[in-house]
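File shown: protein00.cif. Contents: mmCIF, C-alpha atoms.
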```
data_start
#
loop_
_atom_site.label_atom_id
_atom_site.label_comp_id
_atom_site.auth_asym_id
_atom_site.auth_seq_id
_atom_site.Cartn_x
_atom_site.Cartn_y
_atom_site.Cartn_z
CA MET A 12 -8.36 -61.26 10.11
CA PRO A 13 -10.95 -58.52 10.76
CA PRO A 14 -12.13 -56.56 7.73
CA ALA A 15 -10.33 -53.31 6.98
CA LEU A 16 -12.03 -50.23 8.34
CA ALA A 17 -13.77 -48.12 5.74
CA ALA A 18 -12.17 -44.80 4.97
CA PRO A 19 -13.93 -41.91 6.73
CA LYS A 20 -16.38 -39.91 4.67
CA PRO A 21 -16.76 -36.14 4.70
CA ARG A 22 -19.90 -34.50 6.01
CA PRO A 23 -22.63 -34.01 3.38
CA GLU A 24 -22.11 -30.26 3.60
CA GLU A 25 -18.48 -30.57 2.48
CA TRP A 26 -19.37 -30.22 -1.19
CA TRP A 27 -15.79 -29.47 -2.25
CA PHE A 28 -14.84 -33.11 -1.62
CA ASP A 29 -17.02 -34.29 -4.49
CA ALA A 30 -16.27 -31.27 -6.64
CA TRP A 31 -12.55 -31.84 -6.22
CA GLU A 32 -12.81 -35.67 -6.36
CA ILE A 33 -10.83 -35.89 -3.13
CA THR A 34 -11.95 -39.31 -1.94
CA SER A 35 -12.46 -40.85 -5.39
CA LYS A 36 -9.16 -39.82 -7.00
CA VAL A 37 -6.91 -37.65 -4.89
CA TRP A 38 -6.58 -39.68 -1.69
CA SER A 39 -5.42 -42.75 -3.58
CA ILE A 40 -2.38 -40.66 -4.53
CA THR A 41 -1.69 -38.77 -1.30
CA GLN A 42 -3.32 -37.52 1.91
CA GLY A 43 -0.59 -35.08 2.81
CA SER A 44 1.69 -37.29 4.88
CA GLY A 45 4.96 -35.74 5.98
CA VAL A 46 3.97 -32.11 5.37
CA THR A 47 3.66 -29.39 8.01
CA VAL A 48 1.29 -26.50 7.27
CA ALA A 49 1.87 -23.37 9.33
CA LEU A 50 -1.33 -21.52 10.15
CA ILE A 51 -0.81 -17.86 11.07
CA ASP A 52 -4.15 -17.02 12.59
CA SER A 53 -5.92 -16.88 15.95
CA GLY A 54 -4.48 -20.17 17.25
CA VAL A 55 -6.06 -23.62 17.07
CA ALA A 56 -8.22 -25.45 19.61
CA ALA A 57 -5.98 -28.50 19.60
CA GLN A 58 -8.00 -30.43 22.18
CA LEU A 59 -10.97 -31.01 19.86
CA PRO A 60 -11.58 -34.62 18.73
CA ASP A 61 -11.68 -33.44 15.11
CA LEU A 62 -8.07 -32.28 15.43
CA LYS A 63 -6.69 -34.98 17.69
CA GLY A 64 -3.04 -35.71 16.91
CA VAL A 65 -2.93 -33.07 14.19
CA VAL A 66 -1.76 -29.89 15.90
CA LEU A 67 1.93 -29.50 16.71
CA PRO A 68 3.28 -27.14 19.37
CA GLY A 69 3.57 -23.72 17.77
CA VAL A 70 3.89 -20.24 19.21
CA GLY A 71 1.76 -17.37 20.46
CA TYR A 72 2.58 -13.71 19.86
CA ASP A 73 1.16 -10.41 21.12
CA GLY A 74 -0.63 -11.58 24.26
CA ALA A 75 -1.91 -14.88 22.86
CA SER A 76 -3.64 -17.18 25.34
CA SER A 77 -1.09 -19.93 24.92
CA GLU A 78 2.63 -19.86 24.33
CA ASP A 79 2.41 -22.69 21.80
CA GLY A 80 -0.59 -21.55 19.73
CA ARG A 81 -2.82 -24.46 20.77
CA VAL A 82 -5.60 -22.24 22.11
CA ASP A 83 -7.87 -20.29 19.77
CA ASP A 84 -8.09 -16.62 20.80
CA ASP A 85 -10.89 -15.64 18.41
CA ASP A 86 -13.76 -14.63 20.69
CA GLN A 87 -15.56 -12.66 17.99
CA LYS A 88 -16.69 -15.42 15.62
CA GLY A 89 -15.96 -18.56 17.55
CA GLY A 90 -12.57 -19.73 16.35
CA HIS A 91 -11.23 -18.65 12.98
CA GLY A 92 -7.90 -20.44 13.28
CA THR A 93 -9.58 -23.67 14.33
CA SER A 94 -11.90 -23.43 11.33
CA MET A 95 -9.00 -23.07 8.92
CA ALA A 96 -7.06 -25.93 10.53
CA ALA A 97 -10.06 -28.23 10.20
CA LEU A 98 -10.48 -27.48 6.50
CA ILE A 99 -6.92 -28.65 6.00
CA ALA A 100 -6.50 -31.58 8.39
CA ALA A 101 -9.64 -32.51 10.37
CA GLN A 102 -9.83 -36.23 11.15
CA GLY A 103 -13.53 -37.08 10.80
CA VAL A 104 -13.97 -37.62 14.55
CA GLY A 105 -16.30 -35.59 16.74
CA THR A 106 -18.39 -33.61 14.26
CA GLY A 107 -17.38 -35.93 11.42
CA MET A 108 -15.66 -33.15 9.51
CA LEU A 109 -12.70 -34.09 7.34
CA GLY A 110 -9.89 -31.95 6.03
CA ILE A 111 -8.61 -32.48 2.53
CA ALA A 112 -5.07 -33.30 3.71
CA PRO A 113 -5.77 -35.30 6.90
CA LYS A 114 -2.27 -36.75 7.20
CA SER A 115 -0.61 -33.36 7.18
CA ARG A 116 0.14 -31.57 10.42
CA ILE A 117 -0.72 -28.05 11.57
CA LEU A 118 1.81 -25.66 13.12
CA PRO A 119 -0.37 -23.08 14.93
CA ILE A 120 0.89 -19.51 15.22
CA SER A 121 -1.33 -17.08 17.08
CA ALA A 122 -0.45 -13.56 15.99
CA SER A 123 -1.69 -10.04 15.45
CA ALA A 124 -1.17 -7.71 12.50
CA ASN A 125 2.03 -6.33 14.01
CA ASP A 126 3.60 -9.78 14.04
CA TYR A 127 3.38 -11.12 10.48
CA ALA A 128 7.12 -11.05 9.89
CA LYS A 129 8.07 -12.97 13.03
CA PRO A 130 5.42 -15.69 12.51
CA ILE A 131 6.50 -16.29 8.91
CA ARG A 132 10.11 -16.72 9.97
CA PHE A 133 9.08 -18.95 12.90
CA ALA A 134 7.11 -21.14 10.50
CA VAL A 135 10.07 -21.53 8.16
CA ASP A 136 12.51 -22.23 10.98
CA HIS A 137 10.20 -24.93 12.39
CA GLY A 138 9.85 -26.98 9.26
CA ALA A 139 6.70 -25.66 7.57
CA LYS A 140 6.65 -26.28 3.82
CA VAL A 141 3.30 -24.49 3.45
CA ILE A 142 2.36 -21.25 5.23
CA ASN A 143 -1.27 -20.13 5.22
CA MET A 144 -2.56 -16.69 6.20
CA SER A 145 -6.34 -16.52 5.87
CA GLU A 146 -6.32 -12.92 7.02
CA GLY A 147 -4.93 -9.52 6.26
CA VAL A 148 -4.29 -6.01 7.44
CA GLY A 149 -5.69 -3.01 5.60
CA MET A 150 -2.59 -1.80 3.81
CA ALA A 151 -2.49 -1.16 0.07
CA TYR A 152 1.19 -2.10 0.03
CA CYS A 153 3.34 -4.82 1.53
CA PRO A 154 5.41 -3.55 4.48
CA ILE A 155 9.13 -4.11 4.08
CA ASP A 156 9.47 -6.40 7.11
CA ILE A 157 6.68 -8.67 5.86
CA GLN A 158 8.13 -8.71 2.35
CA ASP A 159 11.52 -9.64 3.73
CA ALA A 160 9.94 -12.47 5.72
CA VAL A 161 8.08 -13.78 2.65
CA THR A 162 11.29 -13.65 0.65
CA TYR A 163 12.99 -15.57 3.45
CA ALA A 164 10.26 -18.20 3.25
CA VAL A 165 10.60 -18.56 -0.51
CA GLU A 166 14.38 -18.80 -0.23
CA HIS A 167 13.91 -21.62 2.30
CA ASP A 168 11.50 -23.58 0.09
CA ALA A 169 8.16 -22.73 1.71
CA VAL A 170 5.00 -21.95 -0.27
CA VAL A 171 3.24 -18.88 1.16
CA ILE A 172 -0.54 -18.56 0.67
CA ALA A 173 -2.94 -15.77 1.67
CA SER A 174 -6.59 -14.93 1.15
CA ALA A 175 -7.28 -12.21 -1.42
CA GLY A 176 -9.83 -10.38 0.72
CA ASN A 177 -13.57 -10.01 1.19
CA ASN A 178 -14.17 -6.58 -0.32
CA ALA A 179 -15.09 -6.59 -3.99
CA SER A 180 -14.93 -2.78 -4.18
CA VAL A 181 -11.25 -2.55 -3.22
CA ASP A 182 -8.43 -3.55 -5.56
CA SER A 183 -5.41 -5.34 -4.04
CA ALA A 184 -6.07 -3.76 -0.68
CA THR A 185 -4.46 -5.96 1.93
CA ALA A 186 -1.15 -7.38 3.04
CA PRO A 187 0.12 -10.08 3.03
CA ALA A 188 -1.80 -11.09 -0.11
CA ASN A 189 -0.18 -8.24 -2.04
CA CYS A 190 3.37 -9.24 -1.12
CA LYS A 191 5.65 -10.61 -3.82
CA GLY A 192 6.07 -14.36 -3.53
CA VAL A 193 2.62 -14.94 -2.01
CA VAL A 194 -0.05 -17.04 -3.73
CA ALA A 195 -3.17 -14.87 -3.29
CA VAL A 196 -6.41 -16.86 -3.48
CA GLY A 197 -9.89 -15.72 -4.50
CA ALA A 198 -13.15 -17.57 -3.86
CA VAL A 199 -15.55 -19.40 -6.19
CA ASP A 200 -18.71 -21.43 -5.62
CA ALA A 201 -19.67 -24.93 -6.75
CA HIS A 202 -20.73 -23.57 -10.15
CA LEU A 203 -17.30 -21.94 -10.67
CA ASN A 204 -18.85 -18.51 -10.25
CA VAL A 205 -16.75 -15.91 -8.48
CA TRP A 206 -17.95 -15.13 -4.96
CA GLU A 207 -19.48 -11.67 -5.12
CA MET A 208 -17.32 -10.33 -2.28
CA SER A 209 -13.99 -11.77 -3.41
CA SER A 210 -11.46 -8.93 -3.69
CA PRO A 211 -9.97 -8.28 -7.13
CA GLY A 212 -6.34 -7.44 -7.63
CA ASN A 213 -3.20 -7.74 -9.71
CA ASN A 214 -1.90 -10.09 -7.02
CA VAL A 215 -4.66 -12.73 -7.33
CA MET A 216 -3.22 -15.96 -8.71
CA VAL A 217 -5.85 -18.71 -8.30
CA ALA A 218 -9.31 -19.38 -6.87
CA ALA A 219 -10.68 -22.14 -4.64
CA PRO A 220 -14.01 -23.06 -3.01
CA GLY A 221 -15.08 -20.31 -0.65
CA VAL A 222 -18.88 -20.16 -0.81
CA TYR A 223 -20.91 -22.12 1.77
CA VAL A 224 -17.68 -23.68 2.98
CA GLY A 225 -18.43 -24.58 6.59
CA SER A 226 -16.07 -25.74 9.30
CA ILE A 227 -15.82 -26.24 13.05
CA GLY A 228 -15.14 -23.53 15.58
CA ARG A 229 -13.21 -23.65 18.82
CA ALA A 230 -16.26 -25.05 20.62
CA GLY A 231 -16.18 -28.09 18.33
CA THR A 232 -19.49 -27.32 16.60
CA TYR A 233 -19.84 -27.47 12.83
CA MET A 234 -20.86 -24.12 11.33
CA ALA A 235 -22.30 -24.44 7.84
CA ARG A 236 -23.15 -20.91 6.71
CA LEU A 237 -19.71 -19.52 6.04
CA SER A 238 -18.27 -17.87 2.95
CA GLY A 239 -15.00 -16.08 2.38
CA THR A 240 -11.56 -16.07 0.85
CA SER A 241 -10.29 -17.35 4.20
CA GLN A 242 -11.77 -20.76 3.42
CA ALA A 243 -10.51 -20.59 -0.16
CA ALA A 244 -6.96 -19.93 1.03
CA ALA A 245 -7.08 -22.72 3.63
CA LEU A 246 -8.31 -25.23 1.05
CA ALA A 247 -5.62 -24.05 -1.37
CA ALA A 248 -3.05 -24.62 1.38
CA GLY A 249 -4.43 -28.12 1.82
CA VAL A 250 -3.97 -28.79 -1.90
CA VAL A 251 -0.39 -27.55 -1.74
CA ALA A 252 0.21 -29.87 1.22
CA LEU A 253 -1.02 -32.75 -0.93
CA MET A 254 1.32 -31.66 -3.71
CA ARG A 255 4.32 -31.37 -1.43
CA SER A 256 3.63 -34.84 -0.08
CA ARG A 257 3.26 -36.25 -3.59
CA PHE A 258 6.40 -34.49 -4.87
CA PRO A 259 8.77 -34.29 -1.89
CA GLU A 260 11.77 -33.43 -4.05
CA MET A 261 9.99 -30.66 -5.94
CA SER A 262 10.91 -27.10 -4.97
CA ALA A 263 8.38 -24.57 -3.76
CA ARG A 264 8.81 -22.64 -6.99
CA GLU A 265 8.02 -25.74 -9.05
CA VAL A 266 5.01 -26.55 -6.87
CA VAL A 267 3.55 -23.08 -7.41
CA GLN A 268 4.31 -23.27 -11.11
CA ARG A 269 2.41 -26.56 -11.29
CA LEU A 270 -0.52 -25.20 -9.25
CA LEU A 271 -0.99 -22.27 -11.63
CA ALA A 272 -0.43 -24.26 -14.81
CA THR A 273 -3.10 -26.84 -13.94
CA ALA A 274 -5.80 -24.41 -12.80
CA ARG A 275 -8.97 -24.28 -14.88
CA ASP A 276 -9.57 -20.92 -16.51
CA VAL A 277 -12.81 -19.39 -15.23
CA GLY A 278 -14.32 -15.94 -15.57
CA PRO A 279 -12.88 -13.76 -18.35
CA LYS A 280 -10.54 -15.69 -20.64
CA GLY A 281 -7.00 -15.86 -19.37
CA TRP A 282 -5.73 -14.29 -16.17
CA ASP A 283 -8.21 -11.97 -14.43
CA LYS A 284 -8.26 -9.96 -11.22
CA ARG A 285 -10.86 -12.09 -9.44
CA THR A 286 -9.73 -15.66 -10.11
CA GLY A 287 -6.15 -15.27 -11.34
CA TYR A 288 -5.33 -18.20 -13.61
CA GLY A 289 -8.47 -20.02 -12.56
CA ALA A 290 -9.89 -22.60 -10.20
CA ILE A 291 -7.49 -25.04 -8.57
CA ILE A 292 -7.91 -28.63 -9.80
CA PRO A 293 -6.17 -30.90 -7.24
CA TYR A 294 -6.12 -34.10 -9.30
CA LYS A 295 -4.50 -32.34 -12.24
CA ALA A 296 -2.04 -30.59 -9.94
CA LEU A 297 -0.98 -34.05 -8.76
CA THR A 298 -0.89 -35.84 -12.10
CA ALA A 299 -0.62 -33.53 -15.13
CA ALA A 300 2.52 -33.22 -17.22
CA VAL A 301 3.62 -29.61 -16.70
CA PRO A 302 6.46 -28.22 -18.85
CA LYS A 303 9.28 -26.70 -16.86
CA THR A 304 9.14 -23.68 -19.14
CA VAL A 305 5.70 -22.39 -18.13
CA PRO A 306 5.87 -19.00 -16.39
CA ASN A 307 5.75 -18.61 -12.64
CA PRO A 308 4.51 -15.05 -12.05
CA VAL A 309 4.30 -15.43 -8.26
CA TYR A 310 8.08 -15.27 -8.11
CA ASP A 311 8.69 -12.96 -11.08
CA ASP A 312 9.90 -9.96 -9.13
CA LEU A 313 11.63 -11.56 -6.17
CA GLY A 314 15.02 -11.47 -7.81
CA SER A 315 14.74 -7.86 -8.94
CA GLY A 316 15.58 -6.26 -5.61
CA VAL A 317 12.19 -4.53 -5.41
CA ARG A 318 11.13 -4.12 -1.76
CA GLY A 319 7.87 -2.87 -0.29
CA ARG A 320 4.77 -1.62 -2.09
CA SER A 321 4.40 -4.91 -3.92
CA GLY A 322 1.25 -5.76 -5.81
CA GLN A 323 1.04 -2.29 -7.38
CA ALA A 324 1.75 -3.43 -10.92
CA VAL A 325 1.25 -6.72 -12.70
CA SER A 326 3.90 -8.18 -14.98
CA GLU A 327 3.17 -9.33 -18.51
CA ALA A 328 3.77 -12.90 -17.36
CA ARG A 329 0.90 -12.59 -14.91
CA ARG A 330 -1.44 -11.61 -17.72
CA THR A 331 -0.31 -14.13 -20.31
CA GLY A 332 1.64 -16.90 -18.61
CA ALA A 333 1.02 -20.01 -16.56
CA ALA A 334 -1.47 -21.45 -19.03
CA SER A 335 -1.22 -25.10 -20.00
CA GLU A 336 -3.10 -27.72 -21.92
CA SER A 337 -4.59 -29.13 -18.73
CA ARG A 338 -7.55 -26.71 -18.37
CA ASP A 339 -10.18 -28.99 -19.86
CA SER A 340 -12.28 -30.34 -17.01
CA GLY A 341 -14.77 -29.11 -14.46
CA LEU A 342 -13.85 -28.07 -10.93
CA GLY A 343 -12.67 -31.55 -10.13
CA GLY A 344 -13.23 -33.53 -13.30
CA SER A 345 -16.03 -35.65 -14.70
CA GLY A 346 -19.22 -35.40 -12.70
CA GLY A 347 -17.75 -33.72 -9.64
CA LEU A 348 -19.45 -30.38 -10.13
CA VAL A 349 -22.92 -31.86 -10.61
CA ILE A 350 -22.67 -33.78 -7.34
CA ALA A 351 -21.58 -30.62 -5.55
CA VAL A 352 -24.67 -28.74 -6.72
CA VAL A 353 -26.98 -31.50 -5.47
CA VAL A 354 -25.36 -31.39 -2.04
CA LEU A 355 -25.91 -27.66 -1.85
CA VAL A 356 -29.61 -28.00 -2.61
CA VAL A 357 -30.25 -30.92 -0.25
CA GLY A 358 -28.21 -29.39 2.53
CA GLY A 359 -30.20 -26.18 2.40
CA LEU A 360 -27.20 -23.98 3.10
CA GLY A 361 -28.02 -20.31 3.41
CA ALA A 362 -26.09 -17.19 2.54
CA GLY A 363 -22.85 -16.66 4.36
CA GLY A 364 -20.30 -13.92 4.21
CA ALA A 365 -19.06 -13.99 7.77
CA VAL A 366 -15.94 -11.97 8.43
CA PHE A 367 -13.78 -12.82 11.44
CA ALA A 368 -11.83 -10.16 13.30
CA ARG A 369 -9.39 -10.26 16.19
CA ARG A 370 -7.34 -7.37 17.50
CA ARG A 371 -6.29 -5.31 14.45
CA MET A 372 -6.26 -8.22 12.05
CA ILE A 373 -8.90 -8.99 9.44
CA ARG A 374 -9.94 -12.65 9.34
CA LYS A 375 -11.22 -13.04 5.81
CA GLY A 376 -14.03 -15.54 6.10
#
```

Will you turn the file into structure tokens for me?
Amino acid sequence: MPPALAAPKPRPEEWWFDAWEITSKVWSITQGSGVTVALIDSGVAAQLPDLKGVVLPGVGYDGASSEDGRVDDDDQKGGHGTSMAALIAAQGVGTGMLGIAPKSRILPISASANDYAKPIRFAVDHGAKVINMSEGVGMAYCPIDIQDAVTYAVEHDAVVIASAGNNASVDSATAPANCKGVVAVGAVDAHLNVWEMSSPGNNVMVAAPGVYVGSIGRAGTYMARLSGTSQAAALAAGVVALMRSRFPEMSAREVVQRLLATARDVGPKGWDKRTGYGAIIPYKALTAAVPKTVPNPVYDDLGSGVRGRSGQAVSEARRTGAASESRDSGLGGSGGLVIAVVVLVVGGLGAGGAVFARRRMIRKG
């Protein structure tokens, strides 16, 4: 019998794999099998070797190049949607890039800012258990139609994730991150420092790697010098895909509760506007004992009948809840953070901060 093939290894630049202990601890538990992640973005270049067999037929809205979302329309920065898809589910073929949930599948939805509500509902109706929006539109409130769509997603057991934004001077400035029921994600680096451009806000719930987080574009070339809350949100979506695969009977509400309760507190003690409840720790999210009584502020207001202009006030639960005894390790656990720093130095990655834009929509990283 021939020897078993070795598991693929991430590129050296993918420092978050070591920091999050993905190959050493997480993948022995789950790689995301059975979970569909909807990506509302610029579409995905499905023909790339890195994404072979990963991208399902989706949909294109507002003049998209393909009816099924499997063409990336981002001609400004080379393929934002493709980059986000690869962070979640790249296969280690072609450029050698790996996503953190390689056995999950991507549902691509190419859309503009006018079409958030329809894409969210499409995602839910086509089996997505995780919906990622690494983008936003410059509104300081959540439009009613988008809020209704998010509520629809939550009611149908989907976890909705969005990037917090790339403007540190503006507080809670963009939809859909400021909609009730959305997990808004800020960005941190390998040292657990907040990315200087990560937007603060009452809506921010967690943080994930977003500094020097490279990916592939629609041309199939790896781009290393990228930073943004887009990448942080995509990686958070990948972690949620792992969780949903590990706990298939667990509701979306329980998954979010677990994600918040196992985050490591960073920045000011307790909840803060830049990192929420702290940095996501995938291994703990998959293994820790989380009491069913811990607060779940993401869904606090959904049952209150409040519609529109969400994100304007933060509940007491957001400030004090969702803490647990599991915030006692580094970004990934023992040793992971040190390895990540070495990779950054050897790789020679420079400053990033790229912002992707298409039509009227802000691609946040």

Distance of atom CA of Pro119 of chain A from atom CA of Gly71 of chain A, expressed in Å to one decimal place: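 About the pair atom CA of Gly71 of chain A and atom CA of Pro119 of chain A: they are 8.2 Å apart.
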
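Taking atom CA of Ala122 of chain A and atom CA of Asp84 of chain A as the two end points, the separation is 9.5 Å.
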
Residues of segment 82-121 of chain A that approach segment 135-138 of chain A to 12 Å or less, counting all atoms listed in the file: could you list each one with the shortest pair of atoms and its distance in Å to one decimal, rows by chain and increasing residue number, as a Markdown table?
```
| residue | atom | partner | partner_atom | distance |
| --- | --- | --- | --- | --- |
| A:Arg116 | CA | A:Gly138 | CA | 10.8 |
| A:Ile117 | CA | A:Gly138 | CA | 10.9 |
| A:Leu118 | CA | A:His137 | CA | 8.5 |
| A:Pro119 | CA | A:His137 | CA | 11.0 |
| A:Ile120 | CA | A:His137 | CA | 11.1 |
```

Separation of atom CA of Pro130 of chain A from atom CA of Val46 of chain A, in Å and rounded to one decimal: 18.0 Å

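Proximity ranking of A:Val194, A:Leu253, A:Ala230, A:Ala272 relative to Ala175 of chain A places A:Val194 first, based on all atoms listed in the file.
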
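When only C-alpha atoms are used to compute distances to Thr93 of chain A, the closest of the residues A:Trp206, A:Tyr233, A:Tyr72, A:Tyr127 turns out to be A:Tyr233.
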
Completed segment 51-66 of chain A (N, CA and C atoms) as an mmCIF file, keeping the file's coordinate frame:
```
data_model
loop_
_atom_site.group_PDB
_atom_site.id
_atom_site.type_symbol
_atom_site.label_atom_id
_atom_site.label_comp_id
_atom_site.auth_asym_id
_atom_site.auth_seq_id
_atom_site.Cartn_x
_atom_site.Cartn_y
_atom_site.Cartn_z
ATOM 1 N N ILE A 51 -0.948 -19.127 10.356
ATOM 2 C CA ILE A 51 -0.810 -17.860 11.070
ATOM 3 C C ILE A 51 -2.190 -17.252 11.192
ATOM 4 N N ASP A 52 -2.735 -17.312 12.400
ATOM 5 C CA ASP A 52 -4.150 -17.020 12.590
ATOM 6 C C ASP A 52 -4.403 -16.715 14.060
ATOM 7 N N SER A 53 -5.536 -17.172 14.570
ATOM 8 C CA SER A 53 -5.920 -16.880 15.950
ATOM 9 C C SER A 53 -5.566 -18.009 16.909
ATOM 10 N N GLY A 54 -4.750 -18.974 16.462
ATOM 11 C CA GLY A 54 -4.480 -20.170 17.250
ATOM 12 C C GLY A 54 -5.449 -21.269 16.867
ATOM 13 N N VAL A 55 -5.233 -22.449 17.403
ATOM 14 C CA VAL A 55 -6.060 -23.620 17.070
ATOM 15 C C VAL A 55 -6.451 -24.340 18.345
ATOM 16 N N ALA A 56 -7.737 -24.687 18.457
ATOM 17 C CA ALA A 56 -8.220 -25.450 19.610
ATOM 18 C C ALA A 56 -7.807 -26.911 19.451
ATOM 19 N N ALA A 57 -6.604 -27.198 19.874
ATOM 20 C CA ALA A 57 -5.980 -28.500 19.600
ATOM 21 C C ALA A 57 -6.633 -29.647 20.335
ATOM 22 N N GLN A 58 -7.424 -29.362 21.379
ATOM 23 C CA GLN A 58 -8.000 -30.430 22.180
ATOM 24 C C GLN A 58 -9.227 -31.070 21.546
ATOM 25 N N LEU A 59 -9.746 -30.496 20.479
ATOM 26 C CA LEU A 59 -10.970 -31.010 19.860
ATOM 27 C C LEU A 59 -10.737 -32.386 19.241
ATOM 28 N N PRO A 60 -11.718 -33.293 19.351
ATOM 29 C CA PRO A 60 -11.580 -34.620 18.730
ATOM 30 C C PRO A 60 -11.288 -34.544 17.235
ATOM 31 N N ASP A 61 -11.886 -33.578 16.552
ATOM 32 C CA ASP A 61 -11.680 -33.440 15.110
ATOM 33 C C ASP A 61 -10.218 -33.183 14.754
ATOM 34 N N LEU A 62 -9.456 -32.641 15.703
ATOM 35 C CA LEU A 62 -8.070 -32.280 15.430
ATOM 36 C C LEU A 62 -7.082 -33.072 16.278
ATOM 37 N N LYS A 63 -7.541 -34.173 16.830
ATOM 38 C CA LYS A 63 -6.690 -34.980 17.690
ATOM 39 C C LYS A 63 -5.460 -35.484 16.928
ATOM 40 N N GLY A 64 -4.287 -35.231 17.504
ATOM 41 C CA GLY A 64 -3.040 -35.710 16.910
ATOM 42 C C GLY A 64 -2.547 -34.912 15.732
ATOM 43 N N VAL A 65 -3.237 -33.826 15.401
ATOM 44 C CA VAL A 65 -2.930 -33.070 14.190
ATOM 45 C C VAL A 65 -2.093 -31.828 14.480
ATOM 46 N N VAL A 66 -2.299 -31.214 15.632
ATOM 47 C CA VAL A 66 -1.760 -29.890 15.900
ATOM 48 C C VAL A 66 -0.452 -29.977 16.684
#
```
